[in-house]
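This report concerns only the one structure given below.
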Amino acid sequence: MHSNPIPSVHMLPAHTPHAPSLIRRRTWLQAAACGAASAAGLPVWAQDAGSVVRLGQSIALTGPLGDLGQAMHQGARACFEAVNARGGVQGRKIDLVTQDDGYDVKRAVANVDGFMANSDIFGLFNCMGTPMVEAMLPQVTASGIPFIAPFTGALLARTKARNVFNVRASYPDEAEQLVQHLATIGIKRIGIAYQNNTFGKEVFDGARLAMERRGLGDGGVVTVESSGADAATAATKLLAANPEAVLLGLAGKPTVDFVKAMRQQRKGMPLYALSIMGSAATLQALGDDAVGIAVSQVVPLPTGTGVAVVRDFLQAWKQADVKLEPSHLALEGYINARVLVEALRRTGPQLTRATLLDALWSLKRLDLGGFEVNATEPGRNASRFIELTMVGRGGRFIR
């Protein structure tokens with residue numbers, strides 16, 4: 001470890017006519033744990049001590065899924081600032097340059113275009129959203145730039161391109177776990193409500209295949225627009241198919257509108273959702289209507305201090321003075337940052353994009369403290385962690 005902490009996290013707000021100029025956030029932190037993740041490397045074109053590994057991130061900080069993006073971003077920021085506050089490795093820091101895309105495909109692609117045209121950007125980190133990632137992938141894979149931990153569980157992001165490194169379990173993995181649980185408790189007819197976009201279709205396809213493998217009957221299928229405007233109509237249609245339980249492939253506002261409609265029409269219907277549903281804003285908006293919803297999670301419970309990586313996260317979160325409540329999504333952002341930092345540490349002093357990718361794919365059975373990362377081959381995510389939780393009173397998750 002070396003001293004001279006010079007943390008630097010940039011945030012570039014949305015590209016709108018009223019968007020403010022670049023805001024440079026510099027926060028001086030005391031030493032904070034990031035577990036074994038203690039250092040960062042730097043691009044080959046800047047070998048001197050004190051240089052920067054600059055990462056580009058396009059994520060929704062505003063818009064319908066802005067609460068998800070905010071939590072994810074702040075979790076990563078907490079880890080990077082903790083590493084920078086401890087001096088990183090060889091005096092080098094990580095600089096996360098973040099642009100808000102508002103969960104809009106055109107803005108996200110424009111953000112990534114800008115990052116890729118900037119020779120100072122070493123790689124892309126934790127870009128958010130299935131439709132956005134789908135649109136980015138052609139240019140990203142063609143360029144060879146490291147594309148680390150995209151925030152999507154979609155199979156379309158599990159490409160064979162070696163420069164794309166996925167951490168989180170996939171949406172089909174989560175759907176499989178939910179369907180398996182429902183089959184185990186004797187549910188035969190599963191209804192599915194999914195968002196009318198690429199993300200929702202991935203969830204639907206995964207759930208349908210899992211149901212077919214188990215010979216489960218069709219409990220109805222409906223789509224819900226991202227605006228949520230047709231949620232009540234969709235709920236009525238799905239209930240007419242008489243499902244025994246409903247699997248939700250929804251995120252953000254559509255989740256709120258659909259669940260409220262379901263609770264009004266049939267309060268006791270068992271509801272099962274994927275991890276992306278469980279943001280603090282969604283749970284707050286649902287209020288008591290969220291109680292009893294089962295949710296698959298791709299990281300441990302963020303309040304489970306018996307897990308080492310959670311303790312590390314909570315310490316870094318406190319040091320970063322984040323105003324949000326700790327959440328699964330924030331912990332996921334933190335874990336993604338830990339994975340990247342460990343790879344940067346393994347590259348040693350000679351950091352290039354190629355050596356970083358070699359280091360990422362060398363992460364075999366890496367235990368971050370209750371969360372294992374096992375990189376196998378391009379096209380497969382490095383984590384298979386999934387556990388089921390339930391929403392309790394006050395929007396708190398319980399196991």
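Chain labels run A, B, ... following the order of the structure tokens; each chain numbers its residues from 1, and ligands are numbered from 1 in the order shown.
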
Write down as a PyMOL selection string the residues belonging to range 265-331 of chain A that are assigned strand (DSSP E) by DSSP computed on the backbone.
chain A and resi 271-273+294-297

Save out the residues we just selected, N, CA and C atoms, as an mmCIF file, in the first residue's frame.
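Result file is out15.cif:
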data_model
loop_
_atom_site.group_PDB
_atom_site.id
_atom_site.type_symbol
_atom_site.label_atom_id
_atom_site.label_comp_id
_atom_site.auth_asym_id
_atom_site.auth_seq_id
_atom_site.Cartn_x
_atom_site.Cartn_y
_atom_site.Cartn_z
ATOM 1 N N LEU A 271 -46.519 -13.523 -5.990
ATOM 2 C CA LEU A 271 -45.734 -12.829 -7.011
ATOM 3 C C LEU A 271 -44.256 -13.123 -6.813
ATOM 4 N N TYR A 272 -43.558 -13.378 -7.930
ATOM 5 C CA TYR A 272 -42.129 -13.707 -7.920
ATOM 6 C C TYR A 272 -41.423 -12.794 -8.914
ATOM 7 N N ALA A 273 -40.344 -12.171 -8.481
ATOM 8 C CA ALA A 273 -39.658 -11.190 -9.316
ATOM 9 C C ALA A 273 -38.164 -11.443 -9.354
ATOM 10 N N ALA A 294 -41.636 -12.546 -3.543
ATOM 11 C CA ALA A 294 -40.362 -13.274 -3.522
ATOM 12 C C ALA A 294 -39.465 -12.722 -4.625
ATOM 13 N N VAL A 295 -38.213 -12.490 -4.306
ATOM 14 C CA VAL A 295 -37.280 -11.869 -5.254
ATOM 15 C C VAL A 295 -35.978 -12.657 -5.276
ATOM 16 N N SER A 296 -35.538 -13.058 -6.472
ATOM 17 C CA SER A 296 -34.218 -13.675 -6.605
ATOM 18 C C SER A 296 -33.165 -12.583 -6.531
ATOM 19 N N GLN A 297 -32.026 -12.893 -5.931
ATOM 20 C CA GLN A 297 -30.945 -11.914 -5.781
ATOM 21 C C GLN A 297 -29.649 -12.510 -6.301
#

Can you list every residue of range 133-175 of chain A that has an atom at most 12 Å from range 310-330 of chain A, with its nearest atom pair and the distance in Å to one decimal, using only C-alpha atoms, ordered by chain then number, as a Markdown table?
| residue | atom | partner | partner_atom | distance |
| --- | --- | --- | --- | --- |
| A:Phe151 | CA | A:Leu329 | CA | 9.9 |
| A:Thr152 | CA | A:Leu329 | CA | 11.8 |
| A:Arg168 | CA | A:Leu329 | CA | 11.1 |

Kindly save the residues from that selection, with N, CA and C atoms included, as a PDB file, in the first residue's frame.
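And here is the file that came out, result_23.pdb:
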ATOM      1  N   PHE A 151     -24.331  -4.027 -16.668  1.00  0.00           N
ATOM      2  CA  PHE A 151     -25.445  -4.235 -15.745  1.00  0.00           C
ATOM      3  C   PHE A 151     -26.651  -4.754 -16.514  1.00  0.00           C
ATOM      4  N   THR A 152     -26.573  -6.032 -16.858  1.00  0.00           N
ATOM      5  CA  THR A 152     -27.680  -6.735 -17.491  1.00  0.00           C
ATOM      6  C   THR A 152     -27.457  -8.228 -17.294  1.00  0.00           C
ATOM      7  N   ARG A 168     -22.434 -10.790 -13.072  1.00  0.00           N
ATOM      8  CA  ARG A 168     -23.693 -11.237 -12.462  1.00  0.00           C
ATOM      9  C   ARG A 168     -24.307 -12.447 -13.167  1.00  0.00           C
TER      10      ARG A 168
END

For Val52 in chain A, find every residue with an atom within 7 Å (counting only C-alpha atoms), except residues of its own chain fewer than 6 positions away, and show them as an NGL selection string.
:A and (42 or 92-95)

Need to verify the contact set: range 227-241 of chain A, 12 Å, only C-alpha atoms, exclusion of same-chain residues closer than 6 positions in sequence. Can you return it as JSON, numbers by chain?
{"A": [63, 64, 65, 189, 190, 191, 192, 193, 194, 195, 196, 197, 217, 218, 219, 220, 221, 247, 248, 250, 251, 252, 253, 254, 255, 256, 257, 258, 259, 260, 261, 262, 263, 264, 265, 266, 267, 268, 269, 270]}

Suppose we keep C-alpha atoms; can you now write the selection as a compact mmCIF listing (two decimals), in the first residue's frame?
# COMPACT_ATOMS: atom_id res chain seq x y z
CA GLY A 63 -35.43 8.59 -15.84
CA PRO A 64 -37.66 5.57 -15.14
CA LEU A 65 -34.82 3.39 -13.82
CA ARG A 189 -49.62 -22.95 -13.62
CA ILE A 190 -47.24 -19.99 -13.72
CA GLY A 191 -48.33 -16.70 -15.24
CA ILE A 192 -45.70 -14.38 -16.71
CA ALA A 193 -45.81 -10.59 -17.00
CA TYR A 194 -42.83 -9.12 -18.80
CA GLN A 195 -41.70 -5.71 -19.95
CA ASN A 196 -42.16 -5.06 -23.64
CA ASN A 197 -38.47 -4.62 -24.43
CA GLY A 217 -48.65 -25.51 -17.61
CA ASP A 218 -49.28 -22.09 -19.12
CA GLY A 219 -50.79 -19.70 -16.60
CA GLY A 220 -51.04 -16.86 -19.09
CA VAL A 221 -48.57 -14.37 -20.57
CA LEU A 247 -43.46 -14.34 -12.40
CA LEU A 248 -42.57 -10.70 -13.06
CA LEU A 250 -40.48 -6.05 -14.90
CA ALA A 251 -38.32 -3.21 -13.60
CA GLY A 252 -39.00 0.29 -12.34
CA LYS A 253 -42.37 1.99 -12.87
CA PRO A 254 -44.03 -0.91 -14.74
CA THR A 255 -43.40 -3.08 -11.67
CA VAL A 256 -45.17 -0.59 -9.42
CA ASP A 257 -48.15 -0.15 -11.71
CA PHE A 258 -48.59 -3.86 -12.42
CA VAL A 259 -48.19 -5.03 -8.80
CA LYS A 260 -50.64 -2.43 -7.54
CA ALA A 261 -53.14 -3.53 -10.19
CA MET A 262 -52.68 -7.17 -9.21
CA ARG A 263 -53.12 -6.41 -5.52
CA GLN A 264 -56.32 -4.51 -6.24
CA GLN A 265 -57.76 -7.32 -8.33
CA ARG A 266 -56.47 -10.36 -6.44
CA LYS A 267 -54.57 -9.41 -3.31
CA GLY A 268 -53.36 -12.88 -2.40
CA MET A 269 -51.78 -13.82 -5.74
CA PRO A 270 -48.19 -15.05 -5.13

Excluding Ala343 in chain A and residues on its chain fewer than 6 positions from it, collect all residues at most 8 Å away from it, counting only C-alpha atoms, and give them as a short mmCIF file (atom, residue, chain, number, x, y, z; two decimals) with N, CA and C atoms, in the first residue's frame.
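Output below, filename selection-v8.cif:
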data_model
loop_
_atom_site.label_atom_id
_atom_site.label_comp_id
_atom_site.auth_asym_id
_atom_site.auth_seq_id
_atom_site.Cartn_x
_atom_site.Cartn_y
_atom_site.Cartn_z
N LEU A 356 -5.08 -6.60 -18.92
CA LEU A 356 -6.25 -6.55 -18.05
C LEU A 356 -7.21 -7.69 -18.38
N ALA A 359 -5.95 -10.87 -17.09
CA ALA A 359 -6.12 -10.96 -15.64
C ALA A 359 -7.57 -11.27 -15.26
N LEU A 360 -8.51 -10.65 -15.97
CA LEU A 360 -9.92 -10.93 -15.69
C LEU A 360 -10.24 -12.40 -15.90
N LEU A 363 -9.29 -15.07 -13.21
CA LEU A 363 -9.93 -15.07 -11.90
C LEU A 363 -10.68 -16.39 -11.70
#

Separating CA of Gly102 in chain A from CA of Thr62 in chain A, to the nearest tenth of an Å, is a gap of 4.9 Å

Interatomic distance between CA of Leu388 in chain A and CA of Gln180 in chain A?
11.3 Å

List the spatial neighbours of Tyr171 in chain A as a list in words - criterion: any atom at most 8 Å away, only C-alpha atoms, same-chain residues fewer than 5 positions off excluded.
Thr152, Gly153, Ala154, Leu155, Glu202, Val203, Gly206 and Leu274 of chain A

Give the answer as one residue: which of A:Ala149, A:Arg86, A:Val97, A:Ser362 has the shortest atom-to-atom distance to Arg338 in chain A, using only C-alpha atoms?
A:Ala149

Record the distance separating CA of Phe122 in chain A and CA of Val53 in chain A, expressed in Å with one decimal.
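Separation between CA of Phe122 in chain A and CA of Val53 in chain A: 6.3 Å.
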
Could you pull out the alpha helix (DSSP H) residues of range 131-267 of chain A, going by DSSP on the backbone, and write them as a ChimeraX atom specification?
/A:131-143,171-184,198-213,231-240,253-265

Keeping only C-alpha atoms, write those residues as a PDB file, in the first residue's frame.
ATOM      1  CA  PRO A 131     -31.505  -2.404 -24.616  1.00  0.00           C
ATOM      2  CA  MET A 132     -28.534  -0.078 -24.138  1.00  0.00           C
ATOM      3  CA  VAL A 133     -25.972  -2.884 -23.940  1.00  0.00           C
ATOM      4  CA  GLU A 134     -27.478  -4.566 -26.995  1.00  0.00           C
ATOM      5  CA  ALA A 135     -27.019  -1.346 -28.994  1.00  0.00           C
ATOM      6  CA  MET A 136     -23.461  -0.811 -27.719  1.00  0.00           C
ATOM      7  CA  LEU A 137     -22.163  -4.320 -28.307  1.00  0.00           C
ATOM      8  CA  PRO A 138     -21.398  -4.229 -32.056  1.00  0.00           C
ATOM      9  CA  GLN A 139     -18.970  -1.316 -31.757  1.00  0.00           C
ATOM     10  CA  VAL A 140     -17.627  -2.517 -28.406  1.00  0.00           C
ATOM     11  CA  THR A 141     -16.805  -6.019 -29.600  1.00  0.00           C
ATOM     12  CA  ALA A 142     -15.289  -4.711 -32.825  1.00  0.00           C
ATOM     13  CA  SER A 143     -13.047  -2.292 -30.936  1.00  0.00           C
ATOM     14  CA  TYR A 171     -31.764 -13.394 -16.203  1.00  0.00           C
ATOM     15  CA  PRO A 172     -32.403 -16.953 -17.423  1.00  0.00           C
ATOM     16  CA  ASP A 173     -30.376 -18.180 -14.418  1.00  0.00           C
ATOM     17  CA  GLU A 174     -32.667 -16.185 -12.118  1.00  0.00           C
ATOM     18  CA  ALA A 175     -35.816 -17.291 -13.947  1.00  0.00           C
ATOM     19  CA  GLU A 176     -34.658 -20.900 -13.714  1.00  0.00           C
ATOM     20  CA  GLN A 177     -34.197 -20.560  -9.949  1.00  0.00           C
ATOM     21  CA  LEU A 178     -37.654 -19.039  -9.507  1.00  0.00           C
ATOM     22  CA  VAL A 179     -39.350 -21.662 -11.657  1.00  0.00           C
ATOM     23  CA  GLN A 180     -37.482 -24.437  -9.864  1.00  0.00           C
ATOM     24  CA  HIS A 181     -38.690 -23.094  -6.522  1.00  0.00           C
ATOM     25  CA  LEU A 182     -42.293 -22.851  -7.740  1.00  0.00           C
ATOM     26  CA  ALA A 183     -42.171 -26.393  -9.096  1.00  0.00           C
ATOM     27  CA  THR A 184     -40.737 -27.624  -5.785  1.00  0.00           C
ATOM     28  CA  THR A 198     -35.340  -6.710 -24.849  1.00  0.00           C
ATOM     29  CA  PHE A 199     -34.916  -7.176 -21.103  1.00  0.00           C
ATOM     30  CA  GLY A 200     -38.442  -8.460 -20.622  1.00  0.00           C
ATOM     31  CA  LYS A 201     -38.221 -10.822 -23.586  1.00  0.00           C
ATOM     32  CA  GLU A 202     -35.031 -12.364 -22.150  1.00  0.00           C
ATOM     33  CA  VAL A 203     -36.815 -13.042 -18.853  1.00  0.00           C
ATOM     34  CA  PHE A 204     -39.817 -14.513 -20.635  1.00  0.00           C
ATOM     35  CA  ASP A 205     -37.695 -16.806 -22.799  1.00  0.00           C
ATOM     36  CA  GLY A 206     -35.731 -18.040 -19.785  1.00  0.00           C
ATOM     37  CA  ALA A 207     -38.855 -18.682 -17.724  1.00  0.00           C
ATOM     38  CA  ARG A 208     -40.655 -20.422 -20.578  1.00  0.00           C
ATOM     39  CA  LEU A 209     -37.755 -22.804 -21.196  1.00  0.00           C
ATOM     40  CA  ALA A 210     -37.495 -23.581 -17.478  1.00  0.00           C
ATOM     41  CA  MET A 211     -41.235 -24.310 -17.373  1.00  0.00           C
ATOM     42  CA  GLU A 212     -41.087 -26.525 -20.458  1.00  0.00           C
ATOM     43  CA  ARG A 213     -38.264 -28.581 -18.944  1.00  0.00           C
ATOM     44  CA  ALA A 231     -50.444  -2.365 -16.457  1.00  0.00           C
ATOM     45  CA  ALA A 232     -54.015  -2.588 -15.129  1.00  0.00           C
ATOM     46  CA  THR A 233     -55.300  -4.041 -18.409  1.00  0.00           C
ATOM     47  CA  ALA A 234     -52.432  -6.546 -18.469  1.00  0.00           C
ATOM     48  CA  ALA A 235     -53.186  -7.632 -14.889  1.00  0.00           C
ATOM     49  CA  THR A 236     -56.841  -8.228 -15.735  1.00  0.00           C
ATOM     50  CA  LYS A 237     -55.919 -10.270 -18.795  1.00  0.00           C
ATOM     51  CA  LEU A 238     -53.388 -12.382 -16.901  1.00  0.00           C
ATOM     52  CA  LEU A 239     -55.763 -13.136 -14.038  1.00  0.00           C
ATOM     53  CA  ALA A 240     -58.319 -14.355 -16.549  1.00  0.00           C
ATOM     54  CA  LYS A 253     -42.374   1.991 -12.870  1.00  0.00           C
ATOM     55  CA  PRO A 254     -44.030  -0.910 -14.743  1.00  0.00           C
ATOM     56  CA  THR A 255     -43.403  -3.077 -11.673  1.00  0.00           C
ATOM     57  CA  VAL A 256     -45.169  -0.592  -9.418  1.00  0.00           C
ATOM     58  CA  ASP A 257     -48.153  -0.150 -11.707  1.00  0.00           C
ATOM     59  CA  PHE A 258     -48.588  -3.863 -12.418  1.00  0.00           C
ATOM     60  CA  VAL A 259     -48.195  -5.034  -8.804  1.00  0.00           C
ATOM     61  CA  LYS A 260     -50.642  -2.431  -7.541  1.00  0.00           C
ATOM     62  CA  ALA A 261     -53.142  -3.528 -10.192  1.00  0.00           C
ATOM     63  CA  MET A 262     -52.676  -7.169  -9.212  1.00  0.00           C
ATOM     64  CA  ARG A 263     -53.119  -6.405  -5.516  1.00  0.00           C
ATOM     65  CA  GLN A 264     -56.318  -4.507  -6.243  1.00  0.00           C
ATOM     66  CA  GLN A 265     -57.761  -7.316  -8.326  1.00  0.00           C
TER      67      GLN A 265
END

Can you work out which one of A:Val341, A:Gly69, A:Ser275, A:Leu124 has the shortest atom-to-atom distance to Asn84 in chain A, counting only C-alpha atoms?
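Using only C-alpha atoms, the shortest distance to Asn84 in chain A belongs to A:Val341.
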
Counting only C-alpha atoms, figure out which residue out of A:Gly56, A:Gly292, A:Gly370, A:Pro150 gets nearest to Gly123 in chain A.
A:Gly56
